[in-house]
file my_file-v8.txt (compact mmCIF, C-alpha atoms)
# COMPACT_ATOMS: atom_id res chain seq x y z
CA MET A 24 51.04 40.50 97.25
CA ASN A 25 49.71 37.47 95.43
CA THR A 26 49.21 35.26 98.47
CA PHE A 27 46.62 33.11 96.72
CA THR A 28 48.50 32.29 93.51
CA THR A 29 51.06 29.69 92.65
CA LYS A 30 54.69 30.67 92.51
CA SER A 31 55.79 32.28 89.28
CA THR A 32 57.54 30.27 86.60
CA PRO A 33 60.98 31.62 85.57
CA LEU A 34 61.64 32.35 81.92
CA LEU A 35 62.63 29.41 79.79
CA GLY A 36 66.37 28.95 80.13
CA ARG A 37 68.38 29.72 77.02
CA SER A 38 72.09 29.37 76.28
CA ASN A 39 74.10 31.23 73.66
CA SER A 40 76.74 28.51 73.67
CA SER A 41 77.30 26.93 70.26
CA ASP A 42 77.94 23.61 72.01
CA ASN A 43 74.30 23.50 73.09
CA LEU A 44 73.06 24.28 69.59
CA HIS A 45 75.23 21.58 68.01
CA ASP A 46 74.80 18.87 70.63
CA SER A 47 73.85 16.00 68.32
CA ALA A 48 72.92 13.66 71.16
CA ASP A 49 70.35 16.01 72.57
CA ALA A 50 69.10 17.04 69.16
CA LYS A 51 68.52 13.45 68.03
CA SER A 52 66.84 12.40 71.26
CA PRO A 53 63.05 12.07 70.86
CA SER A 54 62.60 13.27 74.41
CA SER A 55 64.53 16.47 73.74
CA THR A 56 61.80 18.09 71.71
CA LEU A 57 59.14 16.86 74.14
CA THR A 58 61.01 18.29 77.10
CA SER A 59 61.39 21.61 75.32
CA SER A 60 57.68 21.61 74.51
CA GLN A 61 56.84 20.87 78.13
CA ASP A 62 59.08 23.73 79.25
CA LEU A 63 57.33 25.99 76.78
CA ALA A 64 53.94 24.91 78.10
CA HIS A 65 55.15 25.58 81.63
CA ASN A 66 56.32 29.00 80.48
CA HIS A 67 52.78 29.72 79.29
CA GLN A 68 51.36 28.89 82.73
CA LYS A 69 49.12 31.61 84.08
CA VAL A 70 50.39 32.95 87.40
CA GLU A 71 47.96 35.82 87.96
CA LEU A 72 44.21 36.31 87.72
CA THR A 73 42.65 39.13 85.80
CA GLN A 74 41.11 41.80 88.02
CA LEU A 75 37.62 40.72 86.91
CA GLU A 76 38.35 37.14 87.95
CA ASN A 77 39.79 38.42 91.23
CA PHE A 78 36.62 40.41 91.97
CA ALA A 79 34.43 37.42 91.10
CA VAL A 80 36.15 34.92 93.42
CA SER A 81 36.47 37.56 96.17
CA ALA A 82 32.67 37.94 96.17
CA LEU A 83 31.90 34.24 95.73
CA ALA A 84 34.15 32.72 98.42
CA PRO A 85 32.69 34.57 101.47
CA SER A 86 29.16 34.11 100.10
CA MET A 87 29.77 30.36 100.18
CA ALA A 88 31.25 30.56 103.68
CA VAL A 89 28.30 32.47 105.17
CA LEU A 90 25.97 29.56 104.37
CA PHE A 91 27.73 27.65 107.14
CA THR A 92 28.40 30.48 109.62
CA ASN A 93 25.17 32.53 109.57
CA PRO A 94 23.61 30.66 112.55
CA PHE A 95 26.50 31.79 114.78
CA ASP A 96 26.00 35.33 113.56
CA THR A 97 22.33 35.17 114.59
CA VAL A 98 23.33 33.98 118.07
CA LYS A 99 25.97 36.73 118.35
CA VAL A 100 23.46 39.45 117.47
CA ARG A 101 20.95 38.28 120.07
CA LEU A 102 23.56 37.99 122.81
CA GLN A 103 24.83 41.50 122.10
CA LEU A 104 21.32 42.97 122.20
CA GLN A 105 20.17 41.47 125.48
CA GLY A 106 20.56 43.75 128.49
CA GLU A 107 20.15 46.84 126.31
CA PHE A 108 18.04 49.73 127.60
CA VAL A 109 15.18 50.07 125.12
CA LYS A 110 12.64 52.89 124.84
CA THR A 111 9.08 51.87 124.03
CA ARG A 112 5.64 53.48 124.10
CA GLU A 113 3.43 52.29 126.94
CA PRO A 114 -0.10 51.41 125.75
CA GLY A 115 -3.10 53.05 127.43
CA ARG A 116 -1.21 56.08 128.74
CA ASN A 117 -1.29 58.44 125.78
CA GLY A 118 1.56 56.65 124.13
CA LYS A 119 3.95 57.75 126.87
CA GLU A 120 7.51 56.62 126.25
CA ILE A 121 9.05 54.42 128.92
CA VAL A 122 12.42 52.76 129.29
CA ARG A 123 12.71 49.04 129.80
CA VAL A 124 15.66 46.72 129.96
CA SER A 125 15.93 44.06 127.31
CA GLU A 126 15.62 40.79 129.20
CA LYS A 127 18.63 38.53 129.59
CA VAL A 128 17.01 35.38 128.28
CA TYR A 129 20.21 33.68 127.08
CA LYS A 130 22.80 32.39 129.54
CA SER A 131 25.51 31.64 126.98
CA SER A 132 26.20 31.12 123.32
CA LEU A 133 25.24 27.45 123.54
CA ASP A 134 22.05 28.31 125.45
CA CYS A 135 21.06 30.83 122.79
CA LEU A 136 21.82 28.34 120.03
CA GLN A 137 19.71 25.63 121.69
CA LYS A 138 16.75 27.89 122.53
CA THR A 139 16.64 29.42 119.07
CA PHE A 140 16.75 26.03 117.39
CA ARG A 141 14.16 24.54 119.77
CA HIS A 142 11.63 27.37 119.31
CA GLU A 143 12.32 28.53 115.75
CA GLY A 144 14.10 25.65 114.06
CA ILE A 145 16.81 25.94 111.43
CA ARG A 146 14.91 28.83 109.83
CA GLY A 147 15.37 30.81 113.02
CA LEU A 148 19.12 30.20 113.05
CA GLN A 149 19.38 31.11 109.37
CA LYS A 150 17.46 34.37 109.69
CA GLY A 151 18.93 37.14 107.59
CA LEU A 152 20.75 34.70 105.30
CA PHE A 153 19.92 36.48 102.04
CA PRO A 154 21.07 39.96 103.18
CA ALA A 155 24.09 38.23 104.75
CA ILE A 156 25.06 36.87 101.31
CA LEU A 157 24.51 40.32 99.77
CA LYS A 158 26.59 41.87 102.55
CA GLU A 159 29.50 39.44 102.13
CA SER A 160 29.63 39.75 98.35
CA SER A 161 29.32 43.56 98.26
CA LYS A 162 31.86 43.96 101.06
CA ASN A 163 34.54 41.53 99.96
CA ILE A 164 34.54 42.50 96.32
CA PHE A 165 36.45 45.51 97.69
CA ARG A 166 37.96 44.11 100.90
CA LEU A 167 39.56 41.05 99.30
CA GLY A 168 39.41 42.02 95.64
CA LEU A 169 41.48 45.19 96.00
CA TYR A 170 43.90 44.17 98.75
CA ASP A 171 46.52 42.56 96.50
CA PRO A 172 46.44 45.31 93.83
CA ILE A 173 46.79 48.08 96.44
CA LEU A 174 49.58 46.29 98.31
CA ASN A 175 51.40 45.45 95.08
CA TYR A 176 51.23 49.12 94.07
CA MET A 177 52.71 50.16 97.42
CA HIS A 178 55.30 47.36 97.43
CA PRO A 179 55.88 45.97 93.91
CA LEU A 180 56.67 42.30 93.42
CA SER A 181 59.85 41.03 91.78
CA TYR A 182 57.80 38.66 89.63
CA PRO A 183 54.10 37.68 89.38
CA GLY A 184 52.94 35.21 92.01
CA GLU A 185 55.79 35.99 94.40
CA ALA A 186 55.19 35.81 98.15
CA SER A 187 55.33 39.46 99.17
CA THR A 188 57.96 40.91 101.48
CA ALA A 189 55.93 44.04 102.26
CA PRO A 190 56.29 45.29 105.87
CA ALA A 191 53.34 45.12 108.27
CA TRP A 192 52.55 48.85 108.12
CA LYS A 193 51.99 48.73 104.35
CA ARG A 194 49.73 45.71 104.74
CA MET A 195 47.75 47.50 107.44
CA ILE A 196 47.24 50.57 105.23
CA ALA A 197 46.08 48.39 102.34
CA GLY A 198 43.77 46.37 104.62
CA ALA A 199 42.27 49.45 106.27
CA THR A 200 41.63 51.11 102.90
CA CYS A 201 39.88 48.04 101.51
CA GLY A 202 37.93 47.61 104.75
CA ALA A 203 36.56 51.16 104.58
CA MET A 204 35.31 50.72 101.03
CA GLY A 205 33.74 47.37 101.88
CA ALA A 206 31.95 48.75 104.94
CA ILE A 207 30.34 51.57 102.97
CA SER A 208 28.99 49.25 100.29
CA ALA A 209 27.74 46.62 102.77
CA ASN A 210 26.15 48.84 105.47
CA PRO A 211 22.51 48.70 104.21
CA PHE A 212 22.58 44.90 104.00
CA GLU A 213 24.26 44.66 107.42
CA LEU A 214 21.52 46.76 109.02
CA ILE A 215 18.71 44.73 107.44
CA LYS A 216 20.42 41.46 108.39
CA THR A 217 20.76 42.56 112.02
CA ARG A 218 17.09 43.51 112.33
CA LEU A 219 15.94 40.26 110.76
CA GLN A 220 18.20 38.20 113.03
CA SER A 221 17.04 40.01 116.18
CA HIS A 222 13.37 39.33 115.53
CA SER A 223 11.83 36.60 117.64
CA SER A 224 8.58 35.89 119.41
CA GLY A 225 7.48 35.43 122.99
CA GLY A 226 10.07 35.26 125.71
CA LEU A 227 13.03 34.99 123.32
CA ALA A 228 12.72 38.54 121.99
CA VAL A 229 15.58 40.90 122.84
CA GLY A 230 16.09 44.50 121.78
CA ASN A 231 13.74 46.30 119.41
CA GLN A 232 11.55 44.07 117.28
CA TYR A 233 10.70 44.65 113.62
CA ALA A 234 7.96 42.75 111.81
CA TYR A 235 9.72 42.52 108.46
CA THR A 236 8.74 39.58 106.28
CA GLY A 237 11.99 39.54 104.36
CA THR A 238 14.83 41.55 102.85
CA PHE A 239 12.75 43.52 100.35
CA SER A 240 10.02 44.12 102.91
CA ALA A 241 12.63 45.56 105.27
CA LEU A 242 14.17 47.69 102.52
CA ARG A 243 10.81 49.09 101.45
CA THR A 244 9.62 49.76 105.02
CA ILE A 245 12.84 51.48 106.10
CA ILE A 246 12.93 53.76 103.05
CA THR A 247 9.24 54.75 103.19
CA THR A 248 9.02 55.12 106.97
CA ASP A 249 12.42 56.37 108.09
CA GLY A 250 14.11 57.52 104.89
CA ALA A 251 16.89 56.07 102.77
CA MET A 252 19.62 57.52 105.00
CA THR A 253 18.51 55.16 107.78
CA LEU A 254 20.19 52.39 105.78
CA TYR A 255 23.49 54.08 106.64
CA ARG A 256 22.85 54.34 110.36
CA GLY A 257 25.92 53.24 112.25
CA SER A 258 28.05 53.59 109.11
CA MET A 259 30.80 55.52 110.90
CA ILE A 260 31.34 52.86 113.56
CA SER A 261 30.98 50.22 110.84
CA ILE A 262 33.73 51.86 108.77
CA ALA A 263 36.00 52.15 111.81
CA ARG A 264 35.30 48.52 112.73
CA SER A 265 35.96 47.30 109.21
CA MET A 266 39.14 49.36 108.85
CA LEU A 267 40.65 48.00 112.06
CA GLY A 268 39.28 44.51 111.54
CA SER A 269 40.47 44.24 107.93
CA ALA A 270 43.86 45.69 108.82
CA ALA A 271 44.24 43.10 111.59
CA ASN A 272 42.81 40.22 109.57
CA LEU A 273 44.54 40.74 106.23
CA THR A 274 47.85 41.81 107.76
CA THR A 275 48.03 38.82 110.11
CA TYR A 276 46.87 36.39 107.43
CA SER A 277 49.24 37.61 104.72
CA LEU A 278 52.24 37.95 107.05
CA ILE A 279 51.89 34.38 108.32
CA LYS A 280 51.35 32.98 104.86
CA ASP A 281 54.13 34.92 103.15
CA HIS A 282 56.57 34.22 106.00
CA ALA A 283 55.83 30.50 105.75
CA ARG A 284 56.39 30.54 101.99
CA ASN A 285 59.51 32.70 102.06
CA ASN A 286 61.28 31.21 105.09
CA TRP A 287 59.89 27.72 105.69
CA GLY A 288 59.38 26.65 102.09
CA ALA A 289 55.68 26.01 102.72
CA GLU A 290 53.54 25.23 99.69
CA ASP A 291 50.48 27.34 98.91
CA GLY A 292 47.56 25.09 99.79
CA ILE A 293 44.57 24.38 102.01
CA MET A 294 46.50 23.69 105.23
CA LEU A 295 48.42 26.96 104.99
CA ASP A 296 45.17 28.82 104.23
CA MET A 297 43.46 27.28 107.27
CA THR A 298 46.27 27.97 109.74
CA SER A 299 46.83 31.55 108.63
CA SER A 300 43.13 32.44 108.56
CA LEU A 301 42.33 30.95 111.98
CA VAL A 302 45.08 32.93 113.73
CA SER A 303 44.04 36.09 111.91
CA ALA A 304 40.41 35.52 112.94
CA PHE A 305 41.27 35.57 116.65
CA VAL A 306 43.26 38.80 116.30
CA SER A 307 40.38 40.35 114.36
CA VAL A 308 37.76 39.48 116.99
CA VAL A 309 39.87 41.00 119.77
CA VAL A 310 40.04 44.24 117.80
CA MET A 311 36.48 44.32 116.46
CA ASN A 312 34.22 43.08 119.26
CA PRO A 313 33.85 46.39 121.19
CA MET A 314 32.89 48.25 118.03
CA ASP A 315 30.68 45.38 116.98
CA VAL A 316 28.58 45.71 120.17
CA VAL A 317 28.12 49.45 119.61
CA ARG A 318 27.26 48.93 115.94
CA ILE A 319 24.66 46.24 116.67
CA ARG A 320 22.96 48.56 119.18
CA LEU A 321 22.88 51.40 116.64
CA TYR A 322 21.50 49.16 113.90
CA ASN A 323 18.72 47.84 116.09
CA ARG A 324 17.65 51.16 117.62
CA SER A 325 14.08 52.15 116.88
CA SER A 326 13.51 55.29 114.85
CA GLN A 327 11.17 56.48 117.64
CA SER A 328 13.93 56.26 120.21
CA THR A 329 16.01 59.27 121.17
CA SER A 330 18.85 59.62 118.67
CA GLN A 331 22.34 58.95 119.98
CA THR A 332 25.68 59.51 118.35
CA THR A 333 28.30 56.78 118.31
CA LEU A 334 30.22 58.42 121.17
CA GLN A 335 27.03 58.81 123.23
CA SER A 336 26.24 55.14 122.69
CA ILE A 337 29.73 54.14 123.83
CA ARG A 338 29.42 56.27 126.95
CA HIS A 339 25.91 54.93 127.63
CA ILE A 340 27.05 51.29 127.44
CA LEU A 341 30.07 52.03 129.61
CA THR A 342 28.07 53.76 132.37
CA THR A 343 25.03 51.45 132.41
CA GLU A 344 26.56 48.04 131.70
CA GLY A 345 30.26 48.40 132.45
CA PRO A 346 33.39 47.90 130.30
CA LEU A 347 32.93 44.14 129.99
CA ALA A 348 29.75 44.80 127.99
CA PHE A 349 31.95 45.65 125.02
CA TYR A 350 33.01 42.02 124.91
CA LYS A 351 29.52 40.56 125.03
CA GLY A 352 29.21 37.68 122.62
CA PHE A 353 33.00 37.38 122.24
CA SER A 354 33.05 33.58 122.16
CA THR A 355 30.15 33.45 119.70
CA HIS A 356 31.80 36.18 117.65
CA PHE A 357 34.88 33.99 117.33
CA MET A 358 32.72 30.90 116.71
CA ARG A 359 31.33 32.80 113.76
CA ILE A 360 34.42 34.70 112.55
CA GLY A 361 36.86 31.80 112.99
CA PRO A 362 35.06 29.32 110.71
CA HIS A 363 33.92 32.14 108.41
CA PHE A 364 37.42 33.46 107.75
CA THR A 365 38.80 29.93 107.49
CA LEU A 366 36.17 28.85 104.97
CA THR A 367 36.45 32.15 103.09
CA PHE A 368 40.20 31.91 102.59
CA VAL A 369 40.11 28.17 101.88
CA PHE A 370 37.40 28.65 99.23
CA LEU A 371 39.22 31.70 97.89
CA GLY A 372 42.51 29.82 97.59
CA MET A 373 40.82 26.84 95.95
CA LEU A 374 38.98 29.02 93.43
CA LYS A 375 42.09 30.99 92.53
CA ARG A 376 44.31 27.96 92.19
CA HIS A 377 41.65 26.26 90.07
CA LEU A 378 41.44 29.23 87.71
CA ILE A 379 45.23 29.46 87.49
CA GLU A 380 45.87 25.76 86.91
CA GLY A 381 42.84 25.32 84.69
CA SER A 382 44.10 27.96 82.29
CA SER A 383 47.52 26.32 81.78
CA PRO A 384 47.88 24.55 78.40
CA SER A 385 48.80 20.88 78.39
CA PRO A 386 52.14 19.85 76.81
CA GLN A 387 50.41 18.15 73.85
CA ASP A 388 48.73 21.45 72.98
CA VAL A 389 52.12 23.08 72.43
CA ARG A 390 54.08 22.26 69.25
CA PRO A 391 57.57 23.49 68.35
CA LEU A 392 57.79 26.12 65.65
CA HIS A 393 59.41 25.07 62.38
CA PRO A 394 61.41 27.38 60.14
CA LYS A 395 58.35 27.96 57.95
CA ASP A 396 56.59 29.41 61.01
CA ASP A 397 59.23 32.09 61.54
CA ASN A 398 57.04 34.72 59.91
CA SER A 399 55.07 34.97 63.14
CA THR A 400 54.62 38.56 64.27
CA SER A 401 54.60 37.71 67.98
CA THR A 402 57.43 39.30 69.97
CA THR A 403 56.72 37.79 73.37
CA THR A 404 59.24 35.80 75.38
CA PRO A 405 57.58 32.42 74.57
CA SER A 406 58.11 33.18 70.82
CA ILE A 407 61.83 33.67 71.42
CA ALA A 408 61.96 30.35 73.24
CA SER A 409 60.08 28.69 70.38
CA THR A 410 62.58 30.10 67.87
CA VAL A 411 65.43 28.51 69.84
CA ILE A 412 63.66 25.16 69.59
CA ALA A 413 63.11 25.64 65.88
CA ARG A 414 66.80 26.43 65.38
CA ARG A 415 67.75 23.23 67.19
CA GLU A 416 65.52 21.25 64.88
CA GLU A 417 66.96 23.04 61.87
CA GLN A 418 70.38 21.70 62.81
CA LEU A 419 69.05 18.20 62.16
call {"tool": "encode", "arguments": {"input": "my_file-v8.txt", "output": "structure tokens"}}
result
Amino acid sequence: MNTFTTKSTPLLGRSNSSDNLHDSADAKSPSSTLTSSQDLAHNHQKVELTQLENFAVSALAPSMAVLFTNPFDTVKVRLQLQGEFVKTREPGRNGKEIVRVSEKVYKSSLDCLQKTFRHEGIRGLQKGLFPAILKESSKNIFRLGLYDPILNYMHPLSYPGEASTAPAWKRMIAGATCGAMGAISANPFELIKTRLQSHSSGGLAVGNQYAYTGTFSALRTIITTDGAMTLYRGSMISIARSMLGSAANLTTYSLIKDHARNNWGAEDGIMLDMTSSLVSAFVSVVVMNPMDVVRIRLYNRSSQSTSQTTLQSIRHILTTEGPLAFYKGFSTHFMRIGPHFTLTFVFLGMLKRHLIEGSSPSPQDVRPLHPKDDNSTSTTTPSIASTVIARREEQL
């Protein structure tokens, strides 16, 4: 499914009728050759990206989007961590481990946003930005970069650039597969980002606190202190979250967009990208938020705390905080995911359309072939079309 490309150009029309070849009016018209040249140029128009180009724009677009949406991600992380039961070592009593409840210092998403900005400034809201960029690029090079190729393999297109007619279940399989690969590659950066975003000082601190000075400091400390496998803590819930989230997101997005193109005659452009991505973002948040809460708790758990499996963490949240705890930070999650998906798909569509249109030759760059050029060894369809033009000129 090439949902981000322009519609394919049909082959240059040709007629075997002798009337067309001997039409003196058309042959003598100066505009006839120009029109044929323009058609030939149109026939050369690129309608698909190479896989390398597809990977590049799939990594770049979400990396650009996260520059604008990272503050909402910081707020979401802090809201999901407050109220958590945290184990710490009590000073002065032989390092005895005690359990405390992470204070509920934020009343709402807006309250968290205001307090963080007031006490930590824009740097506080943009905590974890560098690992967030690394996470988005490493994740979406698979999540977005492989979605079209996998879906097109499962449900081949009639012609390049076509709006796909693949059923929802095929789209969900393709989305879930890409989501799993993206989650595995991005998990270390996601964990580091979460710990950097949760760190605060004074009364604003929630959850476990880590005194990392940056991404490489966190990476070095985690590997030397806890081992490299700690970077993949919470990877199972992260894979499940990404599989369901990507299946919901990419299926909803592509279905809306392809349906609009196939049935409503909608043009591939920014407005269609925005509408499709915003609807898909809401569906994704509904599906992902419960797993997102569990994952954030696993990422932020101290290595000194008692180890819990994913199922134990789910049961612990359910029994201590109730079922509504799984939808903590829902509004902020959507405030982050909604604009992020919208910007990602808008940037992605713009980049792809720019590469496609920028590679198309202009009409003046295309000249008709003359009889002396017939020794060309090319056997492509455009060469056949050029030969027809040359034959028309020969009739003159």
call {"tool": "residues_around", "arguments": {"input": "my_file-v8.txt", "residues": "Leu242 (chain A)", "least_positions_apart": "5", "cutoff": "12 Å", "atoms": "all atoms listed in the file", "output": "ChimeraX atom specification"}}
result
/A:154,211-216,218-219,235-237,247-254
call {"tool": "atom_distance", "arguments": {"input": "my_file-v8.txt", "atom1": "CA of Asp281 (chain A)", "atom2": "CA of Ala186 (chain A)"}}
result
5.2 Å
call {"tool": "atom_distance", "arguments": {"input": "my_file-v8.txt", "atom1": "CA of Gly205 (chain A)", "atom2": "CA of Asn163 (chain A)"}}
result
6.2 Å
call {"tool": "atom_distance", "arguments": {"input": "my_file-v8.txt", "atom1": "CA of His178 (chain A)", "atom2": "CA of Ile196 (chain A)"}}
result
11.7 Å
call {"tool": "closest_residue", "arguments": {"input": "my_file-v8.txt", "among": "A:Ile279, A:Arg324, A:Ile246, A:Pro313", "to": "Ser187 (chain A)", "atoms": "all atoms listed in the file"}}
result
A:Ile279
call {"tool": "residues_around", "arguments": {"input": "my_file-v8.txt", "residues": "Gly147 (chain A)", "least_positions_apart": "6", "cutoff": "12 Å", "atoms": "only C-alpha atoms", "output": "list of chain:residue names"}}
result
A:Asn93, A:Pro94, A:Phe95, A:Asp96, A:Thr97, A:Val98, A:Arg101, A:Cys135, A:Leu136, A:Gln137, A:Lys138, A:Thr139, A:Phe140, A:Arg141, A:Leu219, A:Gln220, A:Ser221, A:His222, A:Ser223, A:Ser224, A:Leu227
call {"tool": "residues_around", "arguments": {"input": "my_file-v8.txt", "residues": "Gly352 (chain A)", "least_positions_apart": "5", "cutoff": "7 Å", "atoms": "only C-alpha atoms", "output": "list in words"}}
result
Lys99, Leu102 and Gln103 of chain A
call {"tool": "residues_around", "arguments": {"input": "my_file-v8.txt", "residues": "Thr200 (chain A)", "least_positions_apart": "4", "cutoff": "10 Å", "atoms": "only C-alpha atoms", "output": "list of chain:residue names"}}
result
A:Phe165, A:Arg166, A:Leu169, A:Tyr170, A:Ile173, A:Arg194, A:Met195, A:Ile196, A:Met204, A:Gly205, A:Ile262, A:Ser265, A:Met266, A:Leu267, A:Ser269, A:Ala270
call {"tool": "decode", "arguments": {"input": "my_file-v8.txt", "residues": "region 231-268 of chain A", "atoms": "C-alpha atoms", "output": "PDB file, in the first residue's frame"}}
result
ATOM      1  CA  ASN A 231      12.431   6.427  41.474  1.00  0.00           C
ATOM      2  CA  GLN A 232      15.008   9.117  40.805  1.00  0.00           C
ATOM      3  CA  TYR A 233      18.210   8.653  38.812  1.00  0.00           C
ATOM      4  CA  ALA A 234      21.025  11.194  38.803  1.00  0.00           C
ATOM      5  CA  TYR A 235      22.016  10.755  35.171  1.00  0.00           C
ATOM      6  CA  THR A 236      23.633  13.756  33.521  1.00  0.00           C
ATOM      7  CA  GLY A 237      22.634  12.750  30.024  1.00  0.00           C
ATOM      8  CA  THR A 238      22.032   9.931  27.564  1.00  0.00           C
ATOM      9  CA  PHE A 239      25.580   8.550  27.523  1.00  0.00           C
ATOM     10  CA  SER A 240      25.879   8.894  31.282  1.00  0.00           C
ATOM     11  CA  ALA A 241      22.702   6.849  31.670  1.00  0.00           C
ATOM     12  CA  LEU A 242      23.880   4.253  29.167  1.00  0.00           C
ATOM     13  CA  ARG A 243      27.250   3.856  30.868  1.00  0.00           C
ATOM     14  CA  THR A 244      25.787   3.726  34.388  1.00  0.00           C
ATOM     15  CA  ILE A 245      23.100   1.180  33.509  1.00  0.00           C
ATOM     16  CA  ILE A 246      25.540  -1.159  31.755  1.00  0.00           C
ATOM     17  CA  THR A 247      28.241  -1.011  34.451  1.00  0.00           C
ATOM     18  CA  THR A 248      25.895  -1.131  37.439  1.00  0.00           C
ATOM     19  CA  ASP A 249      22.964  -3.284  36.371  1.00  0.00           C
ATOM     20  CA  GLY A 250      24.156  -5.019  33.215  1.00  0.00           C
ATOM     21  CA  ALA A 251      23.354  -4.546  29.543  1.00  0.00           C
ATOM     22  CA  MET A 252      20.183  -6.635  29.757  1.00  0.00           C
ATOM     23  CA  THR A 253      18.627  -3.935  31.958  1.00  0.00           C
ATOM     24  CA  LEU A 254      18.282  -1.879  28.774  1.00  0.00           C
ATOM     25  CA  TYR A 255      15.677  -4.428  27.676  1.00  0.00           C
ATOM     26  CA  ARG A 256      13.651  -4.328  30.877  1.00  0.00           C
ATOM     27  CA  GLY A 257       9.980  -4.103  30.035  1.00  0.00           C
ATOM     28  CA  SER A 258      10.674  -5.195  26.454  1.00  0.00           C
ATOM     29  CA  MET A 259       7.870  -7.778  26.442  1.00  0.00           C
ATOM     30  CA  ILE A 260       5.184  -5.281  27.427  1.00  0.00           C
ATOM     31  CA  SER A 261       6.787  -2.777  25.056  1.00  0.00           C
ATOM     32  CA  ILE A 262       6.557  -5.242  22.159  1.00  0.00           C
ATOM     33  CA  ALA A 263       2.932  -6.050  22.992  1.00  0.00           C
ATOM     34  CA  ARG A 264       2.124  -2.344  23.272  1.00  0.00           C
ATOM     35  CA  SER A 265       3.821  -1.530  19.988  1.00  0.00           C
ATOM     36  CA  MET A 266       2.199  -4.444  18.165  1.00  0.00           C
ATOM     37  CA  LEU A 267      -1.310  -3.451  19.229  1.00  0.00           C
ATOM     38  CA  GLY A 268      -0.636   0.263  18.922  1.00  0.00           C
TER      39      GLY A 268
END
